[in-house]
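To start, the structure itself, in structure tokens.
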Amino acid sequence: MVCKVKIVNVKAIVAVVVVSVLARPVPLISATLSVSPPTIQLDRPESSQQMLVFQLTDRRGVDLTHKATYTVRDSLICQVTSDGLVTPATDGRTHVIVHWEGESVEVPVTVDGFHHPPSVEFGREVIPILSKAGCNSSGCHGKAEGQNGFRLSIFGSDPTFDFDALSKQGRGRRVQLAAPDRSLLLRKATGELPHGGGQRFEPNGIWYRRVGRWIAEGAQWTEASDGEIERIEVEPSKVALSVDGTQQLRVTAIDRAGRRRCVTRETDFQSNAKVIAEVDKNGRVSVNEVAGAAAILIRYMGHVTVCRVSLPQTGFVVERPAETNFVDTLVWNRLQQLGIPAAPRCDDAIYLRRVYLDTIGTLPTVDEARTFLADKAPDKRLRLVGELLHRDEYADYWSMIWGDLFAADREKLGGPGAVAISRWLRTQFRQNRRYDDWIREVVLASGDPTRETPAGFFVVHNEAEKMSRSVSQIFLGVRIECAQCHHHPFERWTQNDYYALAGLFSGVKSKAIPTGGKKIVGGTASPLTNPRTGQPVPLAPLGAAPLLDVTGDARRDLADWMTRPDNPFVAKALVNRLWAHYFGRGLVNPVDDMRSTNPSSNEQLLDALADHFVKSGFDIHEITRVMLTSEAYQRSSVSSPGNETDTQNYSHAIWKPIPAEVLLDAICQATGIPEQFNGWPPGYRAIQLWDNRMPSYFFTVFGRPQRVSVCDCERGSEPSVAQALHLMNAQEALDKIQSPVGRAAVLSKSSPKPTSIIEELYLATLSRYPTQAEVTWMLQAYDDGQQDVRASTEDVLWVLLNTKEFLFNH
């Protein structure tokens, strides 16, 4: 029977061990010190085991892995590094003792197989080393043309190809069976010979020894029948750290037989929010001073998982503002968890301008601003949202946004086709048609693309693979294109998943019609071939079971799957896209890169929004109303010391650049002079244009997309010097300001009092009344009435149009 005794005097431990060399060692335990795993088994010379050491306080573990000290009872059996990595030295049994502030814990270690190990399995043991070392990355030998005549499959996606490249190609010079240490593979990787990639292996390190043993064993293709990795686990999977805190991660691979193996040192780690948390190559996470949450991507042999790291903030009083709906409850919950105070509620003028620009892409008129600001009713913001959702500008603006997503390019569609799809989109938003219904119509689109249908979608996206990639990115929020050539590096999607989805569109064709032109027809779909395996891939929606007995147009099966209430992608993708538009940043960011390794900053909120959207009958108006009337949307953009670094939890409003078309319309409205678009009748606004190829230097400078991609990242959103110079100096802008029939000229004639003119200009541009300080400052332009009133008014208008407050939505 083994006695478990808590010992706190380390010197006494050593003395007892020395005196009682013939006695069985007494395991050491601690009430507050915990070590994982409790026992260690090493079964080959190059195996390793990462230990995790915790101090248990307040029902949470504080990581001590890099602070504790380690000793080995018999260092001939194993060795342990200062960061808790145990490696074998010879067969046998011993114990690692972990010490921390007078307390110790003993961990039994068994080494078996050091002298007679199983053969090295190329796919499971060599490929991970090449991946972690970066040898098969896209910047090295994994790129399409390889590097210096040596090519590997990208991220080790084709182990058979890699085996041939190493053992057979290059006249066999990369491996020397008779003298493994002289192998080119090892000599270049260690930097012994000149290597463009620099040193990748530590001389005589674990990786060196494993690859060397593989060569010494004959560089054979060896793998166990049940050795395929089924999944990986990370410990811990969730952790809250304090400022400057650290956490060591451990990654374990589990194979089909249920065997577990530590693969921490062969795993790739990557943070999705480095400003909050960073991770080194060995899995040690460190946090900075920015409160928030980060996801650490863990990738090994095509398997991925994440560790979620949060950094709560201390020292600030976090009070819960009022709540309008479930959005507020979940946003305030998150802010409280992170210790981030919310900004106060914005005033009526800020809300008015914000919701107008966000919802209808249009500034409120002076009269609309006066009316709203004078209204004392407590429900006026709620009523305003309802009114905006039924205005024509709402349909105009959102059809423009979705025209960008559809990549509705006039050059590809022709004029009639671009008009047709633009009108169809406008109808969906004007009628507030159920989102699931119009998704179905897009996916099943057919017929003449010059009619008011979405058939033009399949004119632009005119190949099965392109169709599937576009549908996936727009409607599912999944960027599947990375799986075209290899396993997706950051997600579970394989090449088979890619071609299974693409095959659903294989029956879509373009067919000539007697009147000229072409129409879209849907035919019988057939499986596509995986180019790597040469095998046909059964048709299947993304992540779903293969479809059986598919007859006719397989898009119907896809549409049925997409519009099911329990579809795992569609509702989340839509509400996340809307949230990003209204709040300035998606709950998942980027909005069309939804994956398990890029989790939502507030998963409960994303789930709740998606659930509400489905239960409302896929009603876009309803989910928009929930967002715009939430107190979270109505926060001020003025930050405070407690939330100024927060960019992901919506503690305050974000300053958002105004899209090019909206900004041009705003300048036209503020100056009172509409833009005259080449070939278009007078009176059309920029958000109404279907012609994305309309020549316009303003659009070019301010980032209007060319609609060559379905990614909303195509739209330029970063401010530039060229934009500032254009607004200050461009003759087009000056002509509008100085027009004899423009706002400045009309006001200078009709309003003899400069204070009235200034007030009108503020309402026309910033949707608010000027402060007394601003009035005093602006009155200097009029110089007590001695200056030309019109010129002074033009100067004031020019100043306002060039302010950050005008150019951004906040």
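Labeling convention for the structure tokens: chains A, B, ... as they appear, residues from 1 per chain, ligands from 1 in order of appearance.
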
| request: Please provide the set of residues having any atom within 7 Å of A:Val366, restricted to only C-alpha atoms, with same-chain residues fewer than 2 positions apart removed, written as a PyMOL selection string. | output: chain A and resi 364+368-370+763-764

Next, dump the selected residues to file, keeping only N, CA and C atoms, as a PDB file, in the first residue's frame.
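File written: result-v4.pdb
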ATOM      1  N   PRO A 364     -30.543  62.375 -43.153  1.00  0.00           N
ATOM      2  CA  PRO A 364     -31.847  63.007 -42.928  1.00  0.00           C
ATOM      3  C   PRO A 364     -31.835  64.429 -43.485  1.00  0.00           C
ATOM      4  N   GLU A 368     -36.394  66.821 -41.536  1.00  0.00           N
ATOM      5  CA  GLU A 368     -36.490  65.566 -40.793  1.00  0.00           C
ATOM      6  C   GLU A 368     -35.691  65.638 -39.499  1.00  0.00           C
ATOM      7  N   ALA A 369     -34.539  66.260 -39.554  1.00  0.00           N
ATOM      8  CA  ALA A 369     -33.724  66.398 -38.351  1.00  0.00           C
ATOM      9  C   ALA A 369     -34.421  67.286 -37.320  1.00  0.00           C
ATOM     10  N   ARG A 370     -34.975  68.425 -37.765  1.00  0.00           N
ATOM     11  CA  ARG A 370     -35.669  69.323 -36.836  1.00  0.00           C
ATOM     12  C   ARG A 370     -36.849  68.604 -36.180  1.00  0.00           C
ATOM     13  N   LEU A 763     -27.339  71.243 -39.486  1.00  0.00           N
ATOM     14  CA  LEU A 763     -28.417  70.266 -39.632  1.00  0.00           C
ATOM     15  C   LEU A 763     -28.316  69.524 -40.968  1.00  0.00           C
ATOM     16  N   ALA A 764     -27.875  70.200 -42.011  1.00  0.00           N
ATOM     17  CA  ALA A 764     -27.783  69.594 -43.338  1.00  0.00           C
ATOM     18  C   ALA A 764     -26.620  68.619 -43.453  1.00  0.00           C
TER      19      ALA A 764
END

| said: So that I can check the secondary structure, give me every residue of stretch 699-764 of chain A assigned helix (DSSP H, G or I) by backbone DSSP, as a count of residues only. | reply: 41

| task | Return as a PyMOL selection string the full set of residues in stretch 287-445 of chain A whose backbone-based DSSP assignment is strand (DSSP E). | result | chain A and resi 287+292-300+303-311

| task | For each of A:Thr314, A:Thr563, A:Asn272, A:Ser137, take the minimum atom-to-atom distance to A:Arg440, counting only C-alpha atoms, then give the residue where this is smallest. | result |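 The shortest atom-to-atom distance to A:Arg440 comes from A:Thr563.
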
| Point-to-point distance in Å for atom CA of A:His621 and atom CA of A:Asp593 |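 The value is 24.3 Å.
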
| What is the distance between atom CA of A:Thr190 and atom CA of A:Ile215, in Å to one decimal? |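 For atom CA of A:Thr190 relative to atom CA of A:Ile215, the distance reads 15.6 Å.
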
| said: I'd like the contact shell of stretch 463-476 of chain A - 8 Å cut-off, only C-alpha atoms, skipping same-chain residues fewer than 2 positions apart - returned as a PyMOL selection string. | reply: chain A and resi 405-406+439+443+458+461+478-481+499+501-506+508+569-570+573-574+592-593+710-711

| Minimum-distance residue to A:Val306, chosen among A:Gly196, A:Gly283, A:Gly292, A:Pro538 (using only C-alpha atoms) |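 Answer, going by the shortest atom-to-atom distance: A:Gly283.
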
| message | Which residues are close to A:Ser167, i.e. within 10 Å by only C-alpha atoms, leaving aside same-chain residues fewer than 3 positions away? Reply as a list of chain:residue names. | response |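 What passes the distance filter is A:Asp162, A:Phe163, A:Asp164, A:Gly170, A:Arg171, A:Gly172, A:Arg173, A:Arg174, A:Val175, A:Gln176, A:Leu177, A:Ile215, A:Gly218, A:Ala219, A:Gln220, A:Trp221.
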
Output of the above residues as a compact mmCIF listing (two decimals), in the first residue's frame, restricted to all heavy atoms:
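again_25.txt was written with the following content:
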# COMPACT_ATOMS: atom_id res chain seq x y z
N ASP A 162 4.60 13.18 -50.92
CA ASP A 162 5.75 13.63 -50.15
C ASP A 162 6.75 12.50 -49.93
O ASP A 162 7.97 12.71 -49.97
CB ASP A 162 5.30 14.18 -48.80
CG ASP A 162 4.44 15.42 -48.95
OD1 ASP A 162 4.54 16.08 -50.00
OD2 ASP A 162 3.69 15.74 -48.01
N PHE A 163 6.23 11.30 -49.71
CA PHE A 163 7.12 10.15 -49.53
C PHE A 163 7.97 9.92 -50.78
O PHE A 163 9.19 9.72 -50.69
CB PHE A 163 6.28 8.90 -49.22
CG PHE A 163 7.09 7.64 -49.12
CD1 PHE A 163 7.82 7.36 -47.97
CD2 PHE A 163 7.14 6.74 -50.18
CE1 PHE A 163 8.58 6.19 -47.88
CE2 PHE A 163 7.89 5.58 -50.10
CZ PHE A 163 8.62 5.31 -48.95
N ASP A 164 7.32 9.98 -51.93
CA ASP A 164 8.06 9.80 -53.19
C ASP A 164 9.07 10.93 -53.39
O ASP A 164 10.20 10.69 -53.84
CB ASP A 164 7.09 9.75 -54.36
CG ASP A 164 6.28 8.47 -54.40
OD1 ASP A 164 6.71 7.49 -53.76
OD2 ASP A 164 5.24 8.44 -55.06
N GLY A 170 14.89 13.23 -57.13
CA GLY A 170 16.22 13.82 -56.93
C GLY A 170 17.32 12.78 -56.90
O GLY A 170 18.33 12.96 -56.20
N ARG A 171 17.11 11.66 -57.63
CA ARG A 171 18.10 10.59 -57.71
C ARG A 171 18.43 10.02 -56.34
O ARG A 171 19.53 9.53 -56.08
CB ARG A 171 19.39 11.08 -58.39
CG ARG A 171 19.17 11.58 -59.81
CD ARG A 171 20.47 12.10 -60.40
NE ARG A 171 20.23 12.63 -61.76
CZ ARG A 171 21.18 13.18 -62.50
NH1 ARG A 171 22.43 13.29 -62.03
NH2 ARG A 171 20.90 13.63 -63.71
N GLY A 172 17.48 10.12 -55.45
CA GLY A 172 17.67 9.55 -54.12
C GLY A 172 18.66 10.28 -53.26
O GLY A 172 19.05 9.79 -52.20
N ARG A 173 19.06 11.50 -53.66
CA ARG A 173 20.11 12.19 -52.92
C ARG A 173 19.62 12.84 -51.64
O ARG A 173 20.44 13.29 -50.82
CB ARG A 173 20.77 13.24 -53.82
CG ARG A 173 19.86 14.39 -54.21
CD ARG A 173 20.45 15.21 -55.36
NE ARG A 173 19.59 16.35 -55.72
CZ ARG A 173 19.78 17.58 -55.27
NH1 ARG A 173 20.79 17.82 -54.46
NH2 ARG A 173 18.98 18.55 -55.64
N ARG A 174 18.30 12.90 -51.47
CA ARG A 174 17.78 13.59 -50.28
C ARG A 174 17.90 12.72 -49.03
O ARG A 174 17.86 13.23 -47.91
CB ARG A 174 16.34 14.02 -50.51
CG ARG A 174 16.23 15.04 -51.64
CD ARG A 174 14.86 15.64 -51.78
NE ARG A 174 14.88 16.62 -52.86
CZ ARG A 174 14.27 16.47 -54.03
NH1 ARG A 174 13.56 15.38 -54.26
NH2 ARG A 174 14.36 17.40 -54.95
N VAL A 175 17.95 11.41 -49.20
CA VAL A 175 18.13 10.51 -48.05
C VAL A 175 19.25 9.53 -48.37
O VAL A 175 19.33 9.00 -49.49
CB VAL A 175 16.84 9.75 -47.69
CG1 VAL A 175 15.76 10.71 -47.24
CG2 VAL A 175 16.34 8.92 -48.87
N GLN A 176 20.11 9.29 -47.41
CA GLN A 176 21.21 8.33 -47.58
C GLN A 176 21.02 7.22 -46.56
O GLN A 176 21.27 7.41 -45.36
CB GLN A 176 22.55 9.03 -47.38
CG GLN A 176 22.82 10.11 -48.39
CD GLN A 176 24.25 10.08 -48.91
OE1 GLN A 176 25.01 9.15 -48.65
NE2 GLN A 176 24.59 11.09 -49.67
N LEU A 177 20.55 6.07 -47.05
CA LEU A 177 20.21 4.98 -46.15
C LEU A 177 21.44 4.46 -45.40
O LEU A 177 21.33 4.07 -44.23
CB LEU A 177 19.56 3.84 -46.94
CG LEU A 177 18.32 4.22 -47.78
CD1 LEU A 177 17.70 2.97 -48.39
CD2 LEU A 177 17.29 4.95 -46.93
N ILE A 215 15.11 7.32 -41.80
CA ILE A 215 16.07 7.05 -42.88
C ILE A 215 16.85 5.78 -42.58
O ILE A 215 17.05 4.92 -43.44
CB ILE A 215 17.00 8.25 -43.08
CG1 ILE A 215 16.21 9.49 -43.50
CG2 ILE A 215 18.07 7.94 -44.13
CD1 ILE A 215 17.02 10.79 -43.53
N GLY A 218 15.43 2.52 -43.42
CA GLY A 218 15.23 2.25 -44.84
C GLY A 218 14.30 3.20 -45.53
O GLY A 218 13.93 2.96 -46.68
N ALA A 219 13.92 4.29 -44.84
CA ALA A 219 13.01 5.29 -45.42
C ALA A 219 11.80 4.60 -46.05
O ALA A 219 11.46 4.82 -47.21
CB ALA A 219 13.75 6.14 -46.45
N GLN A 220 11.15 3.79 -45.23
CA GLN A 220 10.02 3.00 -45.71
C GLN A 220 8.70 3.71 -45.45
O GLN A 220 8.59 4.57 -44.57
CB GLN A 220 10.00 1.63 -45.01
CG GLN A 220 11.22 0.78 -45.28
CD GLN A 220 11.33 0.39 -46.74
OE1 GLN A 220 10.37 -0.10 -47.34
NE2 GLN A 220 12.50 0.61 -47.32
N TRP A 221 7.68 3.32 -46.22
CA TRP A 221 6.31 3.76 -45.96
C TRP A 221 5.71 2.78 -44.97
O TRP A 221 5.39 1.65 -45.30
CB TRP A 221 5.49 3.80 -47.24
CG TRP A 221 4.06 4.18 -46.99
CD1 TRP A 221 3.04 3.35 -46.63
CD2 TRP A 221 3.51 5.49 -47.04
NE1 TRP A 221 1.89 4.05 -46.45
CE2 TRP A 221 2.13 5.37 -46.70
CE3 TRP A 221 4.03 6.75 -47.32
CZ2 TRP A 221 1.28 6.48 -46.66
CZ3 TRP A 221 3.17 7.83 -47.27
CH2 TRP A 221 1.83 7.70 -46.95

| task | For A:Arg151, work out the shell of residues within 12 Å, counting only C-alpha atoms and skipping chain neighbours fewer than 5 positions away, then give it as a count of residues only. | result | 22

Can you tell me which residues surround A:Thr647 at a distance of at most 10 Å, considering only C-alpha atoms, apart from same-chain residues fewer than 2 positions away, and format the answer as a compact mmCIF listing (two decimals) with N, CA, C and O atoms, in the first residue's frame?
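Here's the written file around_5.txt:
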# COMPACT_ATOMS: atom_id res chain seq x y z
N VAL A 290 -4.82 44.48 -23.34
CA VAL A 290 -6.10 44.79 -23.96
C VAL A 290 -7.12 43.73 -23.55
O VAL A 290 -6.98 42.56 -23.89
N ALA A 291 -8.15 44.14 -22.81
CA ALA A 291 -9.16 43.20 -22.36
C ALA A 291 -9.97 42.69 -23.55
O ALA A 291 -10.22 43.41 -24.51
N GLY A 292 -10.36 41.43 -23.48
CA GLY A 292 -11.15 40.84 -24.56
C GLY A 292 -10.94 39.35 -24.61
O GLY A 292 -10.53 38.72 -23.63
N GLY A 584 -20.41 47.74 -37.18
CA GLY A 584 -19.06 48.04 -37.62
C GLY A 584 -18.09 46.88 -37.57
O GLY A 584 -16.99 46.95 -38.12
N ARG A 585 -18.49 45.78 -36.94
CA ARG A 585 -17.63 44.59 -36.85
C ARG A 585 -18.51 43.39 -36.60
O ARG A 585 -19.41 43.42 -35.76
N ASN A 643 -12.88 51.45 -21.75
CA ASN A 643 -13.28 50.71 -22.95
C ASN A 643 -12.61 51.18 -24.23
O ASN A 643 -12.95 50.73 -25.32
N GLU A 644 -11.65 52.09 -24.11
CA GLU A 644 -11.07 52.68 -25.32
C GLU A 644 -10.31 51.67 -26.17
O GLU A 644 -10.16 51.85 -27.38
N THR A 645 -9.83 50.57 -25.58
CA THR A 645 -9.10 49.58 -26.37
C THR A 645 -10.00 48.44 -26.86
O THR A 645 -9.55 47.56 -27.58
N ASN A 649 -16.26 43.95 -28.47
CA ASN A 649 -17.36 43.62 -27.56
C ASN A 649 -18.47 44.66 -27.52
O ASN A 649 -19.36 44.57 -26.70
N TYR A 650 -18.37 45.70 -28.36
CA TYR A 650 -19.47 46.65 -28.58
C TYR A 650 -19.79 47.47 -27.34
O TYR A 650 -20.94 47.78 -27.06
N SER A 651 -18.73 47.81 -26.61
CA SER A 651 -18.92 48.68 -25.45
C SER A 651 -19.18 50.12 -25.86
O SER A 651 -19.74 50.89 -25.09
N HIS A 652 -18.78 50.47 -27.06
CA HIS A 652 -19.05 51.80 -27.60
C HIS A 652 -19.16 51.70 -29.11
O HIS A 652 -18.70 50.72 -29.72
N ALA A 653 -19.78 52.68 -29.73
CA ALA A 653 -19.96 52.65 -31.18
C ALA A 653 -18.62 52.86 -31.88
O ALA A 653 -17.72 53.51 -31.37
N ILE A 654 -18.51 52.28 -33.06
CA ILE A 654 -17.29 52.37 -33.85
C ILE A 654 -17.47 53.43 -34.94
O ILE A 654 -18.52 53.53 -35.57

| task | Please measure the separation of atom CA of A:Leu807 and atom CA of A:Thr771, giving the value in Å to one decimal. | result | 19.2 Å

Residues at most 10 Å from A:His612, counting only C-alpha atoms, excluding those fewer than 6 positions away in the same chain, as a PDB file with N, CA and C atoms, in the first residue's frame?
ATOM      1  N   PHE A 326     -33.139  41.068 -25.927  1.00  0.00           N
ATOM      2  CA  PHE A 326     -32.129  40.068 -25.570  1.00  0.00           C
ATOM      3  C   PHE A 326     -30.728  40.446 -26.043  1.00  0.00           C
ATOM      4  N   ALA A 571     -28.718  30.987 -41.252  1.00  0.00           N
ATOM      5  CA  ALA A 571     -29.213  32.047 -40.368  1.00  0.00           C
ATOM      6  C   ALA A 571     -28.069  32.786 -39.690  1.00  0.00           C
ATOM      7  N   VAL A 575     -27.376  36.917 -40.058  1.00  0.00           N
ATOM      8  CA  VAL A 575     -27.430  37.848 -38.924  1.00  0.00           C
ATOM      9  C   VAL A 575     -26.040  38.397 -38.616  1.00  0.00           C
ATOM     10  N   LEU A 606     -24.733  35.411 -30.976  1.00  0.00           N
ATOM     11  CA  LEU A 606     -24.893  34.949 -32.359  1.00  0.00           C
ATOM     12  C   LEU A 606     -25.962  33.865 -32.429  1.00  0.00           C
ATOM     13  N   PHE A 618     -37.685  34.061 -40.961  1.00  0.00           N
ATOM     14  CA  PHE A 618     -36.618  34.597 -41.809  1.00  0.00           C
ATOM     15  C   PHE A 618     -36.956  36.021 -42.255  1.00  0.00           C
ATOM     16  N   ASP A 619     -37.432  36.808 -41.281  1.00  0.00           N
ATOM     17  CA  ASP A 619     -37.877  38.182 -41.537  1.00  0.00           C
ATOM     18  C   ASP A 619     -36.711  39.152 -41.311  1.00  0.00           C
ATOM     19  N   GLU A 622     -37.553  42.235 -39.178  1.00  0.00           N
ATOM     20  CA  GLU A 622     -37.680  41.973 -37.745  1.00  0.00           C
ATOM     21  C   GLU A 622     -36.315  41.892 -37.074  1.00  0.00           C
ATOM     22  N   ILE A 623     -35.371  41.156 -37.658  1.00  0.00           N
ATOM     23  CA  ILE A 623     -34.069  41.035 -37.012  1.00  0.00           C
ATOM     24  C   ILE A 623     -33.321  42.365 -37.073  1.00  0.00           C
ATOM     25  N   VAL A 626     -34.696  44.499 -34.228  1.00  0.00           N
ATOM     26  CA  VAL A 626     -34.130  44.076 -32.944  1.00  0.00           C
ATOM     27  C   VAL A 626     -32.753  44.711 -32.735  1.00  0.00           C
TER      28      VAL A 626
END
